[in-house]
>>> print(open('structure-v7.cif').read())   # mmCIF, C-alpha atoms and all ligand atoms
data_my_file
#
loop_
_atom_site.group_PDB
_atom_site.id
_atom_site.type_symbol
_atom_site.label_atom_id
_atom_site.label_comp_id
_atom_site.auth_asym_id
_atom_site.auth_seq_id
_atom_site.Cartn_x
_atom_site.Cartn_y
_atom_site.Cartn_z
ATOM 1 C CA MET L 1 -4.881 -79.154 -8.533
ATOM 2 C CA LYS L 2 -2.833 -81.214 -6.104
ATOM 3 C CA TYR L 3 -0.538 -78.370 -5.001
ATOM 4 C CA LYS L 4 -1.353 -74.772 -4.200
ATOM 5 C CA LEU L 5 1.207 -72.611 -5.950
ATOM 6 C CA ASP L 6 0.871 -69.305 -4.174
ATOM 7 C CA LYS L 7 3.866 -69.359 -1.857
ATOM 8 C CA VAL L 8 7.007 -68.654 -3.863
ATOM 9 C CA ILE L 9 10.298 -69.340 -2.080
ATOM 10 C CA ALA L 10 12.740 -68.787 -4.933
ATOM 11 C CA THR L 11 12.695 -67.681 -8.556
ATOM 12 C CA ARG L 12 15.303 -68.505 -11.180
ATOM 13 C CA PRO L 13 15.260 -67.874 -14.945
ATOM 14 C CA THR L 14 14.192 -71.455 -15.687
ATOM 15 C CA LYS L 15 12.240 -72.425 -12.583
ATOM 16 C CA THR L 16 10.161 -71.253 -9.668
ATOM 17 C CA VAL L 17 10.255 -72.918 -6.275
ATOM 18 C CA TYR L 18 7.045 -73.045 -4.232
ATOM 19 C CA CYS L 19 6.142 -74.373 -0.847
ATOM 20 C CA ASP L 20 2.831 -75.999 0.056
ATOM 21 C CA ASN L 21 1.722 -78.258 2.859
ATOM 22 C CA GLY L 22 5.178 -79.422 3.934
ATOM 23 C CA LYS L 23 6.392 -79.918 0.373
ATOM 24 C CA THR L 24 8.758 -77.961 -1.864
ATOM 25 C CA ILE L 25 7.665 -77.856 -5.505
ATOM 26 C CA LYS L 26 10.422 -76.997 -7.964
ATOM 27 C CA LEU L 27 8.506 -76.122 -11.131
ATOM 28 C CA PHE L 28 10.486 -75.806 -14.367
ATOM 29 C CA VAL L 29 9.551 -73.650 -17.340
ATOM 30 C CA GLU L 30 7.700 -75.336 -20.182
ATOM 31 C CA ASN L 31 9.996 -77.170 -22.628
ATOM 32 C CA TYR L 32 12.811 -77.461 -20.066
ATOM 33 C CA SER L 33 14.785 -80.630 -20.788
ATOM 34 C CA LYS L 34 12.937 -83.626 -19.338
ATOM 35 C CA ALA L 35 16.197 -85.551 -19.325
ATOM 36 C CA ASN L 36 17.807 -82.947 -17.070
ATOM 37 C CA ILE L 37 14.903 -82.989 -14.645
ATOM 38 C CA LEU L 38 14.797 -86.786 -14.509
ATOM 39 C CA ASN L 39 18.568 -86.833 -14.079
ATOM 40 C CA GLU L 40 18.289 -84.464 -11.127
ATOM 41 C CA ALA L 41 15.608 -86.714 -9.610
ATOM 42 C CA LEU L 42 17.750 -89.813 -10.165
ATOM 43 C CA ASN L 43 20.857 -88.224 -8.631
ATOM 44 C CA HIS L 44 18.800 -87.037 -5.672
ATOM 45 C CA ALA L 45 17.281 -90.506 -5.173
ATOM 46 C CA ARG L 46 20.669 -92.181 -5.397
ATOM 47 C CA VAL L 47 22.154 -89.921 -2.751
ATOM 48 C CA GLU L 48 19.046 -90.154 -0.574
ATOM 49 C CA GLU L 49 18.990 -93.957 -0.706
ATOM 50 C CA GLY L 50 22.728 -94.522 -0.774
ATOM 51 C CA THR L 51 23.849 -92.369 2.151
ATOM 52 C CA ASP L 52 22.751 -91.277 5.604
ATOM 53 C CA LEU L 53 23.240 -87.608 4.757
ATOM 54 C CA ASN L 54 20.556 -85.144 5.816
ATOM 55 C CA ILE L 55 18.767 -84.444 2.584
ATOM 56 C CA PRO L 56 15.079 -83.731 1.944
ATOM 57 C CA LYS L 57 13.098 -86.768 0.799
ATOM 58 C CA LEU L 58 12.159 -86.830 -2.861
ATOM 59 C CA VAL L 59 8.378 -87.166 -2.907
ATOM 60 C CA GLU L 60 7.502 -87.260 -6.605
ATOM 61 C CA VAL L 61 8.276 -86.125 -10.115
ATOM 62 C CA THR L 62 5.163 -84.816 -11.799
ATOM 63 C CA THR L 63 3.770 -82.388 -14.353
ATOM 64 C CA ILE L 64 1.598 -79.416 -13.508
ATOM 65 C CA ASN L 65 -0.029 -77.621 -16.459
ATOM 66 C CA ASN L 66 2.477 -79.104 -18.899
ATOM 67 C CA ARG L 67 5.435 -78.135 -16.736
ATOM 68 C CA TRP L 68 7.661 -80.700 -15.078
ATOM 69 C CA SER L 69 8.311 -80.471 -11.381
ATOM 70 C CA LEU L 70 10.265 -82.101 -8.613
ATOM 71 C CA VAL L 71 8.508 -82.366 -5.277
ATOM 72 C CA THR L 72 10.566 -82.802 -2.126
ATOM 73 C CA GLN L 73 10.020 -82.651 1.592
ATOM 74 C CA HIS L 74 10.052 -78.979 2.594
ATOM 75 C CA ILE L 75 12.743 -78.076 5.111
ATOM 76 C CA GLU L 76 11.694 -75.219 7.336
ATOM 77 C CA GLY L 77 14.640 -72.934 7.974
ATOM 78 C CA GLU L 78 17.040 -70.512 6.335
ATOM 79 C CA THR L 79 19.743 -71.095 3.787
ATOM 80 C CA LEU L 80 23.289 -70.769 5.051
ATOM 81 C CA GLU L 81 23.708 -68.035 2.440
ATOM 82 C CA LYS L 82 20.985 -65.943 4.064
ATOM 83 C CA LEU L 83 22.448 -66.524 7.506
ATOM 84 C CA MET L 84 25.910 -65.483 6.303
ATOM 85 C CA ASN L 85 24.477 -62.281 4.806
ATOM 86 C CA LYS L 86 22.563 -61.551 7.991
ATOM 87 C CA HIS L 87 25.472 -62.191 10.368
ATOM 88 C CA PRO L 88 28.709 -61.119 8.674
ATOM 89 C CA GLU L 89 30.422 -61.145 12.074
ATOM 90 C CA LYS L 90 29.979 -64.924 12.202
ATOM 91 C CA GLU L 91 31.578 -65.518 8.811
ATOM 92 C CA ASP L 92 34.450 -67.640 10.129
ATOM 93 C CA GLN L 93 32.128 -69.786 12.213
ATOM 94 C CA PHE L 94 29.765 -70.354 9.288
ATOM 95 C CA LEU L 95 32.642 -71.201 6.959
ATOM 96 C CA GLU L 96 33.884 -73.828 9.419
ATOM 97 C CA VAL L 97 30.458 -75.476 9.437
ATOM 98 C CA PHE L 98 30.249 -75.185 5.653
ATOM 99 C CA VAL L 99 33.572 -76.972 5.139
ATOM 100 C CA ALA L 100 32.701 -79.630 7.734
ATOM 101 C CA ILE L 101 29.461 -80.423 5.860
ATOM 102 C CA GLN L 102 31.287 -80.600 2.537
ATOM 103 C CA LEU L 103 33.849 -82.991 4.006
ATOM 104 C CA GLU L 104 31.045 -85.145 5.377
ATOM 105 C CA VAL L 105 29.550 -85.352 1.866
ATOM 106 C CA LEU L 106 32.972 -86.142 0.415
ATOM 107 C CA SER L 107 33.416 -88.976 2.916
ATOM 108 C CA LYS L 108 30.515 -90.872 1.283
ATOM 109 C CA LYS L 109 30.457 -93.114 -1.753
ATOM 110 C CA VAL L 110 27.597 -93.555 -4.201
ATOM 111 C CA PRO L 111 28.952 -95.918 -6.848
ATOM 112 C CA LEU L 112 26.111 -95.531 -9.357
ATOM 113 C CA LEU L 113 26.636 -91.821 -9.967
ATOM 114 C CA SER L 114 28.428 -90.620 -13.112
ATOM 115 C CA ARG L 115 32.149 -90.131 -12.795
ATOM 116 C CA ILE L 116 33.375 -86.568 -12.584
ATOM 117 C CA LYS L 117 36.206 -87.090 -15.082
ATOM 118 C CA ASP L 118 33.769 -88.530 -17.653
ATOM 119 C CA LYS L 119 31.429 -85.588 -17.173
ATOM 120 C CA PHE L 120 34.228 -83.016 -17.427
ATOM 121 C CA ARG L 121 35.777 -84.725 -20.462
ATOM 122 C CA ARG L 122 32.426 -84.582 -22.247
ATOM 123 C CA LYS L 123 31.929 -80.924 -21.335
ATOM 124 C CA LEU L 124 35.449 -79.922 -22.389
ATOM 125 C CA THR L 125 35.050 -81.737 -25.664
ATOM 126 C CA GLU L 126 31.795 -79.850 -26.290
ATOM 127 C CA ALA L 127 33.225 -76.485 -25.234
ATOM 128 C CA LYS L 128 33.228 -74.668 -28.542
ATOM 129 C CA ASN L 129 33.948 -71.278 -26.989
ATOM 130 C CA ILE L 130 37.427 -72.234 -25.768
ATOM 131 C CA ASP L 131 40.359 -72.167 -28.148
ATOM 132 C CA GLU L 132 41.601 -75.452 -29.465
ATOM 133 C CA ASN L 133 45.040 -75.424 -27.778
ATOM 134 C CA THR L 134 43.688 -74.547 -24.364
ATOM 135 C CA ARG L 135 41.036 -77.219 -24.672
ATOM 136 C CA TYR L 136 43.657 -79.790 -25.539
ATOM 137 C CA GLU L 137 45.864 -78.780 -22.598
ATOM 138 C CA LEU L 138 42.919 -78.915 -20.214
ATOM 139 C CA LEU L 139 41.895 -82.361 -21.452
ATOM 140 C CA GLN L 140 45.482 -83.576 -20.988
ATOM 141 C CA ARG L 141 45.542 -82.216 -17.485
ATOM 142 C CA LEU L 142 42.189 -83.854 -16.706
ATOM 143 C CA GLU L 143 43.468 -87.246 -17.816
ATOM 144 C CA GLY L 144 46.452 -86.826 -15.518
ATOM 145 C CA PHE L 145 44.276 -86.763 -12.387
ATOM 146 C CA LYS L 146 43.752 -90.061 -10.604
ATOM 147 C CA ASN L 147 40.264 -91.595 -10.589
ATOM 148 C CA HIS L 148 38.657 -91.019 -7.203
ATOM 149 C CA ASP L 149 35.200 -92.036 -6.020
ATOM 150 C CA ARG L 150 34.138 -89.506 -3.424
ATOM 151 C CA LEU L 151 30.582 -88.201 -3.455
ATOM 152 C CA CYS L 152 30.858 -84.737 -5.025
ATOM 153 C CA HIS L 153 27.876 -82.402 -4.705
ATOM 154 C CA GLY L 154 28.960 -80.370 -7.722
ATOM 155 C CA ASP L 155 27.288 -77.114 -6.699
ATOM 156 C CA PHE L 156 28.322 -76.902 -3.079
ATOM 157 C CA ASN L 157 27.585 -73.347 -1.986
ATOM 158 C CA PRO L 158 25.787 -71.830 1.016
ATOM 159 C CA SER L 159 22.482 -71.410 -0.885
ATOM 160 C CA ASN L 160 22.252 -75.191 -1.069
ATOM 161 C CA ILE L 161 22.359 -75.713 2.681
ATOM 162 C CA ILE L 162 19.284 -75.151 4.804
ATOM 163 C CA VAL L 163 19.705 -74.653 8.536
ATOM 164 C CA THR L 164 16.630 -75.390 10.667
ATOM 165 C CA ASN L 165 15.760 -73.462 13.809
ATOM 166 C CA THR L 166 17.084 -76.360 15.911
ATOM 167 C CA GLY L 167 20.451 -76.025 14.157
ATOM 168 C CA GLU L 168 20.167 -79.112 11.951
ATOM 169 C CA TYR L 169 21.303 -78.702 8.392
ATOM 170 C CA TYR L 170 20.054 -80.227 5.153
ATOM 171 C CA ILE L 171 21.901 -80.345 1.851
ATOM 172 C CA ILE L 172 19.724 -79.699 -1.204
ATOM 173 C CA ASP L 173 20.059 -79.443 -4.972
ATOM 174 C CA TRP L 174 21.776 -82.646 -6.071
ATOM 175 C CA SER L 175 21.417 -82.021 -9.812
ATOM 176 C CA HIS L 176 25.195 -81.894 -10.365
ATOM 177 C CA ALA L 177 26.218 -84.778 -8.078
ATOM 178 C CA THR L 178 28.947 -87.109 -9.326
ATOM 179 C CA GLN L 179 31.578 -89.404 -7.860
ATOM 180 C CA GLY L 180 35.144 -88.228 -8.121
ATOM 181 C CA ASN L 181 37.864 -86.026 -6.728
ATOM 182 C CA ALA L 182 37.368 -83.935 -3.605
ATOM 183 C CA SER L 183 39.743 -81.308 -5.043
ATOM 184 C CA ALA L 184 37.474 -80.808 -8.044
ATOM 185 C CA ASP L 185 34.449 -80.249 -5.805
ATOM 186 C CA ALA L 186 36.417 -77.742 -3.715
ATOM 187 C CA ALA L 187 37.655 -75.976 -6.866
ATOM 188 C CA ARG L 188 34.048 -75.495 -7.976
ATOM 189 C CA THR L 189 33.030 -74.080 -4.596
ATOM 190 C CA PHE L 190 36.004 -71.700 -4.750
ATOM 191 C CA LEU L 191 34.949 -70.585 -8.222
ATOM 192 C CA LEU L 192 31.311 -70.143 -7.162
ATOM 193 C CA PHE L 193 32.361 -67.721 -4.408
ATOM 194 C CA SER L 194 34.680 -65.882 -6.831
ATOM 195 C CA MET L 195 31.951 -65.605 -9.449
ATOM 196 C CA GLN L 196 29.807 -63.795 -6.899
ATOM 197 C CA GLY L 197 32.635 -61.318 -6.311
ATOM 198 C CA LYS L 198 33.286 -62.801 -2.864
ATOM 199 C CA ASP L 199 37.051 -63.051 -3.335
ATOM 200 C CA GLU L 200 37.923 -62.790 0.324
ATOM 201 C CA ILE L 201 35.536 -65.559 1.308
ATOM 202 C CA ALA L 202 36.789 -67.635 -1.633
ATOM 203 C CA GLU L 203 40.387 -67.406 -0.363
ATOM 204 C CA LYS L 204 39.381 -68.083 3.215
ATOM 205 C CA TYR L 205 37.357 -71.056 2.071
ATOM 206 C CA LEU L 206 40.250 -72.470 0.074
ATOM 207 C CA ASN L 207 42.647 -72.181 3.006
ATOM 208 C CA LEU L 208 40.179 -73.734 5.407
ATOM 209 C CA PHE L 209 39.244 -76.583 3.081
ATOM 210 C CA SER L 210 42.878 -77.370 2.471
ATOM 211 C CA GLU L 211 43.631 -77.298 6.206
ATOM 212 C CA GLN L 212 40.642 -79.442 7.184
ATOM 213 C CA SER L 213 40.972 -81.980 4.384
ATOM 214 C CA GLY L 214 44.752 -82.241 4.381
ATOM 215 C CA ILE L 215 44.676 -81.670 0.591
ATOM 216 C CA PRO L 216 47.377 -79.199 -0.500
ATOM 217 C CA LYS L 217 45.966 -75.942 -1.897
ATOM 218 C CA LYS L 218 47.933 -76.437 -5.082
ATOM 219 C CA ASN L 219 46.018 -79.654 -5.848
ATOM 220 C CA ILE L 220 42.716 -77.807 -5.648
ATOM 221 C CA GLN L 221 43.999 -74.870 -7.710
ATOM 222 C CA ARG L 222 45.034 -77.239 -10.488
ATOM 223 C CA TRP L 223 41.341 -78.076 -11.008
ATOM 224 C CA VAL L 224 40.174 -74.455 -11.200
ATOM 225 C CA PRO L 225 40.866 -73.874 -14.950
ATOM 226 C CA ILE L 226 39.092 -77.149 -15.776
ATOM 227 C CA VAL L 227 36.098 -76.289 -13.625
ATOM 228 C CA ALA L 228 35.996 -72.778 -15.136
ATOM 229 C CA ALA L 229 36.038 -74.295 -18.624
ATOM 230 C CA THR L 230 33.133 -76.636 -17.823
ATOM 231 C CA GLN L 231 31.186 -73.631 -16.535
ATOM 232 C CA MET L 232 31.748 -71.972 -19.942
ATOM 233 C CA THR L 233 29.650 -74.678 -21.583
ATOM 234 C CA LYS L 234 26.578 -73.418 -19.719
ATOM 235 C CA GLY L 235 26.387 -70.656 -22.304
ATOM 236 C CA LYS L 236 25.975 -67.764 -19.876
ATOM 237 C CA GLU L 237 27.631 -64.997 -21.886
ATOM 238 C CA GLU L 238 27.828 -62.634 -18.926
ATOM 239 C CA GLU L 239 30.221 -65.105 -17.269
ATOM 240 C CA TYR L 240 32.629 -65.568 -20.205
ATOM 241 C CA GLU L 241 35.040 -62.752 -19.421
ATOM 242 C CA PHE L 242 35.354 -63.759 -15.803
ATOM 243 C CA LEU L 243 35.769 -67.456 -16.592
ATOM 244 C CA SER L 244 38.317 -66.792 -19.347
ATOM 245 C CA LYS L 245 40.486 -65.121 -16.744
ATOM 246 C CA TRP L 246 40.513 -68.305 -14.657
ATOM 247 C CA ILE L 247 41.154 -70.483 -17.671
ATOM 248 C CA ASP L 248 44.026 -68.258 -18.849
ATOM 249 C CA ILE L 249 45.787 -68.408 -15.496
ATOM 250 C CA PHE L 250 46.601 -71.889 -16.644
ATOM 251 C CA ASP L 251 49.006 -70.527 -19.279
ATOM 252 C CA TYR L 252 51.234 -68.898 -16.695
ATOM 253 C CA GLU L 253 51.567 -71.739 -14.239
HETATM 254 N N1 LIG L 301 13.456 -79.044 0.137
HETATM 255 C C1 LIG L 301 13.537 -77.729 0.326
HETATM 256 N N2 LIG L 301 13.150 -77.187 1.499
HETATM 257 C C2 LIG L 301 13.208 -75.864 1.702
HETATM 258 N N3 LIG L 301 13.655 -74.961 0.794
HETATM 259 C C3 LIG L 301 14.053 -75.419 -0.393
HETATM 260 C C4 LIG L 301 14.032 -76.821 -0.698
HETATM 261 N N4 LIG L 301 14.475 -76.977 -1.952
HETATM 262 C C5 LIG L 301 14.765 -75.746 -2.409
HETATM 263 N N5 LIG L 301 14.524 -74.786 -1.488
HETATM 264 C C6 LIG L 301 14.757 -73.336 -1.620
HETATM 265 O O1 LIG L 301 14.754 -72.990 -2.987
HETATM 266 C C7 LIG L 301 16.039 -72.471 -3.400
HETATM 267 C C8 LIG L 301 16.379 -72.983 -4.798
HETATM 268 O O2 LIG L 301 16.333 -74.392 -4.812
HETATM 269 P P1 LIG L 301 17.484 -75.254 -5.491
HETATM 270 O O3 LIG L 301 18.781 -74.895 -4.896
HETATM 271 O O4 LIG L 301 17.088 -76.673 -5.447
HETATM 272 O O5 LIG L 301 17.346 -74.724 -6.985
HETATM 273 P P2 LIG L 301 18.446 -74.245 -7.992
HETATM 274 O O6 LIG L 301 17.799 -74.005 -9.256
HETATM 275 O O7 LIG L 301 19.525 -75.212 -8.016
HETATM 276 O O8 LIG L 301 19.001 -72.920 -7.474
HETATM 277 P P3 LIG L 301 20.507 -72.456 -7.613
HETATM 278 O O9 LIG L 301 20.895 -72.678 -9.037
HETATM 279 O O10 LIG L 301 20.454 -71.053 -7.203
HETATM 280 O O11 LIG L 301 21.298 -73.321 -6.673
HETATM 281 C C9 LIG L 301 16.998 -72.918 -2.314
HETATM 282 O O12 LIG L 301 18.109 -72.055 -2.202
HETATM 283 C C10 LIG L 301 16.108 -72.906 -1.081
HETATM 284 O O13 LIG L 301 15.985 -71.592 -0.580
HETATM 285 MG MG MG L 302 20.488 -74.308 -5.365
#
>>> encode(input="structure-v7.cif", output="structure tokens", more="lines below")
Ligand SMILES: Nc1ncnc2c1ncn2[C@@H]1O[C@H](COP(=O)(O)OP(=O)(O)OP(=O)(O)O)[C@@H](O)[C@H]1O
Ligand SMILES: [Mg+2]
Amino acid sequence: MKYKLDKVIATRPTKTVYCDNGKTIKLFVENYSKANILNEALNHARVEEGTDLNIPKLVEVTTINNRWSLVTQHIEGETLEKLMNKHPEKEDQFLEVFVAIQLEVLSKKVPLLSRIKDKFRRKLTEAKNIDENTRYELLQRLEGFKNHDRLCHGDFNPSNIIVTNTGEYYIIDWSHATQGNASADAARTFLLFSMQGKDEIAEKYLNLFSEQSGIPKKNIQRWVPIVAATQMTKGKEEEYEFLSKWIDIFDYE
């Protein structure tokens, strides 16, 4: 076999990530949607070729024992998430870097990516577990946002940033990349922190992002119920109660 799969670097319910000979092999479970994997590869390639951002090179898309995999350049280092857990005293410093990297991403344009409003509209329309009225209100609100064309990572959180031992950083995991509104990308990051129970960091992040980007907090908060509703479509039942809370906040605004 071309790759030795004995060094596991991460395990998820639907994939295992290995490292071998300077490459990262993200190996999906059998029967995982080919379209999703190819879409992740395409998004990654578009960002890699269309920007000068530090991202690992996509090496190949291949199958190993009937399982699809994405092979990328392996970045030696630690995720920002690990570093933040290890050094809680440096939280503010790390958050500053985190926001600066996100703003660098958001300063880029990759015109061939899907548009965030199209993606969210589709997801909201499919969201069968949200009541009809709420869904309608959220769709109306979505249409009210202007069309922007910033590069949005879509899953911007510290586990998707790798810091090397020389202090360089790489941004990984471009499966959810779109072009659209910076506020929407920030709302998702805020929600990702909240979903992990990191409420204090979530608030700090929101304040910092707003300060550094010049985007009023209120504009970001207006996206949160929409982003929470799109997360509902992922079908993770354990998240429903939490997400419903964020969607309901909408009623009281
Ligand atoms: N090119 C790479 N170089 C080094 N480590 C990597 C690379 N790609 C992935 N990893 C490691 O594997 C982990 C999971 O990879 P990735 O984020 O791409 O998968 P994921 O399924 O999206 O995970 P999650 O849903 O938790 O974000 C990363 O957090 C990182 O530790
Ligand atoms: Mg990831």
>>> resolve_selection(input="structure-v7.cif", expression="the PyMOL selection byres (((not hetatm)) within 8 of (chain L and resi 302))", output="MDAnalysis selection string")
chainID L and resid 155 157 159:160 172:173
>>> resolve_selection(input="structure-v7.cif", expression="the PyMOL selection byres (((chain L and resi 167) around 12) and not hetatm)", output="PyMOL selection string")
chain L and resi 76-80+83+94+97+161-166+168-170
>>> write_last_selection(input="structure-v7.cif", atoms="C-alpha atoms", output="short mmCIF file (atom, residue, chain, number, x, y, z; two decimals), keeping the file's coordinate frame")
data_model
loop_
_atom_site.label_atom_id
_atom_site.label_comp_id
_atom_site.auth_asym_id
_atom_site.auth_seq_id
_atom_site.Cartn_x
_atom_site.Cartn_y
_atom_site.Cartn_z
CA GLU L 76 11.69 -75.22 7.34
CA GLY L 77 14.64 -72.93 7.97
CA GLU L 78 17.04 -70.51 6.34
CA THR L 79 19.74 -71.10 3.79
CA LEU L 80 23.29 -70.77 5.05
CA LEU L 83 22.45 -66.52 7.51
CA PHE L 94 29.76 -70.35 9.29
CA VAL L 97 30.46 -75.48 9.44
CA ILE L 161 22.36 -75.71 2.68
CA ILE L 162 19.28 -75.15 4.80
CA VAL L 163 19.70 -74.65 8.54
CA THR L 164 16.63 -75.39 10.67
CA ASN L 165 15.76 -73.46 13.81
CA THR L 166 17.08 -76.36 15.91
CA GLU L 168 20.17 -79.11 11.95
CA TYR L 169 21.30 -78.70 8.39
CA TYR L 170 20.05 -80.23 5.15
#
>>> closest_residue(input="structure-v7.cif", among="L:Phe98, L:Ile116, L:Leu192, L:Lys146", to="ligand LIG 301 (chain L)", atoms="all atoms listed in the file")
L:Leu192
>>> residues_near_ligand(input="structure-v7.cif", ligand="ligand LIG 301 (chain L)", cutoff="10 Å", atoms="only C-alpha atoms and all ligand atoms", output="number ranges by chain")
L: 8-19, 22-28, 40, 55-58, 70-82, 155-164, 170-176
>>> write_last_selection(input="structure-v7.cif", atoms="C-alpha atoms", output="JSON list (two decimals), in the coordinates of the input")
[["chain", "number", "residue", "atom", "x", "y", "z"],
["L", 8, "VAL", "CA", 7.01, -68.65, -3.86],
["L", 9, "ILE", "CA", 10.30, -69.34, -2.08],
["L", 10, "ALA", "CA", 12.74, -68.79, -4.93],
["L", 11, "THR", "CA", 12.70, -67.68, -8.56],
["L", 12, "ARG", "CA", 15.30, -68.50, -11.18],
["L", 13, "PRO", "CA", 15.26, -67.87, -14.94],
["L", 14, "THR", "CA", 14.19, -71.46, -15.69],
["L", 15, "LYS", "CA", 12.24, -72.42, -12.58],
["L", 16, "THR", "CA", 10.16, -71.25, -9.67],
["L", 17, "VAL", "CA", 10.26, -72.92, -6.28],
["L", 18, "TYR", "CA", 7.04, -73.04, -4.23],
["L", 19, "CYS", "CA", 6.14, -74.37, -0.85],
["L", 22, "GLY", "CA", 5.18, -79.42, 3.93],
["L", 23, "LYS", "CA", 6.39, -79.92, 0.37],
["L", 24, "THR", "CA", 8.76, -77.96, -1.86],
["L", 25, "ILE", "CA", 7.66, -77.86, -5.50],
["L", 26, "LYS", "CA", 10.42, -77.00, -7.96],
["L", 27, "LEU", "CA", 8.51, -76.12, -11.13],
["L", 28, "PHE", "CA", 10.49, -75.81, -14.37],
["L", 40, "GLU", "CA", 18.29, -84.46, -11.13],
["L", 55, "ILE", "CA", 18.77, -84.44, 2.58],
["L", 56, "PRO", "CA", 15.08, -83.73, 1.94],
["L", 57, "LYS", "CA", 13.10, -86.77, 0.80],
["L", 58, "LEU", "CA", 12.16, -86.83, -2.86],
["L", 70, "LEU", "CA", 10.26, -82.10, -8.61],
["L", 71, "VAL", "CA", 8.51, -82.37, -5.28],
["L", 72, "THR", "CA", 10.57, -82.80, -2.13],
["L", 73, "GLN", "CA", 10.02, -82.65, 1.59],
["L", 74, "HIS", "CA", 10.05, -78.98, 2.59],
["L", 75, "ILE", "CA", 12.74, -78.08, 5.11],
["L", 76, "GLU", "CA", 11.69, -75.22, 7.34],
["L", 77, "GLY", "CA", 14.64, -72.93, 7.97],
["L", 78, "GLU", "CA", 17.04, -70.51, 6.34],
["L", 79, "THR", "CA", 19.74, -71.10, 3.79],
["L", 80, "LEU", "CA", 23.29, -70.77, 5.05],
["L", 81, "GLU", "CA", 23.71, -68.04, 2.44],
["L", 82, "LYS", "CA", 20.98, -65.94, 4.06],
["L", 155, "ASP", "CA", 27.29, -77.11, -6.70],
["L", 156, "PHE", "CA", 28.32, -76.90, -3.08],
["L", 157, "ASN", "CA", 27.58, -73.35, -1.99],
["L", 158, "PRO", "CA", 25.79, -71.83, 1.02],
["L", 159, "SER", "CA", 22.48, -71.41, -0.88],
["L", 160, "ASN", "CA", 22.25, -75.19, -1.07],
["L", 161, "ILE", "CA", 22.36, -75.71, 2.68],
["L", 162, "ILE", "CA", 19.28, -75.15, 4.80],
["L", 163, "VAL", "CA", 19.70, -74.65, 8.54],
["L", 164, "THR", "CA", 16.63, -75.39, 10.67],
["L", 170, "TYR", "CA", 20.05, -80.23, 5.15],
["L", 171, "ILE", "CA", 21.90, -80.34, 1.85],
["L", 172, "ILE", "CA", 19.72, -79.70, -1.20],
["L", 173, "ASP", "CA", 20.06, -79.44, -4.97],
["L", 174, "TRP", "CA", 21.78, -82.65, -6.07],
["L", 175, "SER", "CA", 21.42, -82.02, -9.81],
["L", 176, "HIS", "CA", 25.20, -81.89, -10.36]]
>>> closest_residue(input="structure-v7.cif", among="L:Ile215, L:Ile130, L:Met195, L:Leu142", to="L:Asp248", atoms="all atoms listed in the file")
L:Ile130
>>> resolve_selection(input="structure-v7.cif", expression="the PyMOL selection byres (((chain L and resi 229) around 8) and not hetatm)", output="list in words")
Leu124, Ala127, Ile130, Pro225, Ile226, Val227, Ala228, Thr230, Gln231, Met232, Thr233, Leu243, Ser244 and Ile247 of chain L
>>> closest_residue(input="structure-v7.cif", among="L:Leu95, L:Arg67, L:Leu113, L:Val61", to="L:Arg46", atoms="all atoms listed in the file")
L:Leu113
>>> axis_aligned_box(input="structure-v7.cif", around="stretch 121-136 of chain L", padding_each_side="3 Å", output="AutoDock Vina command-line options")
--center_x 38.4 --center_y -78.0 --center_z -25.0 --size_x 19.2 --size_y 19.4 --size_z 15.0
>>> residues_around(input="structure-v7.cif", residues="stretch 204-212 of chain L", least_positions_apart="4", cutoff="10 Å", atoms="all atoms listed in the file", output="ChimeraX atom specification")
/L:91-92,95-96,98-100,102-103,183,186-187,189-190,193,199-200,216-221
>>> write_last_selection(input="structure-v7.cif", atoms="C-alpha atoms", output="tab-separated table (two decimals), in the coordinates of the input")
chain	number	residue	atom	x	y	z
L	91	GLU	CA	31.58	-65.52	8.81
L	92	ASP	CA	34.45	-67.64	10.13
L	95	LEU	CA	32.64	-71.20	6.96
L	96	GLU	CA	33.88	-73.83	9.42
L	98	PHE	CA	30.25	-75.18	5.65
L	99	VAL	CA	33.57	-76.97	5.14
L	100	ALA	CA	32.70	-79.63	7.73
L	102	GLN	CA	31.29	-80.60	2.54
L	103	LEU	CA	33.85	-82.99	4.01
L	183	SER	CA	39.74	-81.31	-5.04
L	186	ALA	CA	36.42	-77.74	-3.72
L	187	ALA	CA	37.66	-75.98	-6.87
L	189	THR	CA	33.03	-74.08	-4.60
L	190	PHE	CA	36.00	-71.70	-4.75
L	193	PHE	CA	32.36	-67.72	-4.41
L	199	ASP	CA	37.05	-63.05	-3.34
L	200	GLU	CA	37.92	-62.79	0.32
L	216	PRO	CA	47.38	-79.20	-0.50
L	217	LYS	CA	45.97	-75.94	-1.90
L	218	LYS	CA	47.93	-76.44	-5.08
L	219	ASN	CA	46.02	-79.65	-5.85
L	220	ILE	CA	42.72	-77.81	-5.65
L	221	GLN	CA	44.00	-74.87	-7.71
>>> closest_residue(input="structure-v7.cif", among="L:Trp246, L:Trp68, L:Trp223, L:Tyr136", to="L:Glu30", atoms="all atoms listed in the file")
L:Trp68
>>> atom_distance(input="structure-v7.cif", atom1="atom CA of L:Gly154", atom2="atom CA of L:Ala184")
8.5 Å
>>> atom_distance(input="structure-v7.cif", atom1="atom CA of L:Arg115", atom2="atom CA of L:Gln179")
5.0 Å
>>> closest_residue(input="structure-v7.cif", among="L:Arg222, L:Lys7, L:Lys86, L:Arg150", to="L:Asp20", atoms="all atoms listed in the file")
L:Lys7
>>> closest_residue(input="structure-v7.cif", among="L:Glu104, L:Glu241, L:Glu137, L:Glu143", to="L:Leu53", atoms="all atoms listed in the file")
L:Glu104
>>> atom_distance(input="structure-v7.cif", atom1="atom CA of L:Asn39", atom2="atom CA of L:Lys119")
13.3 Å
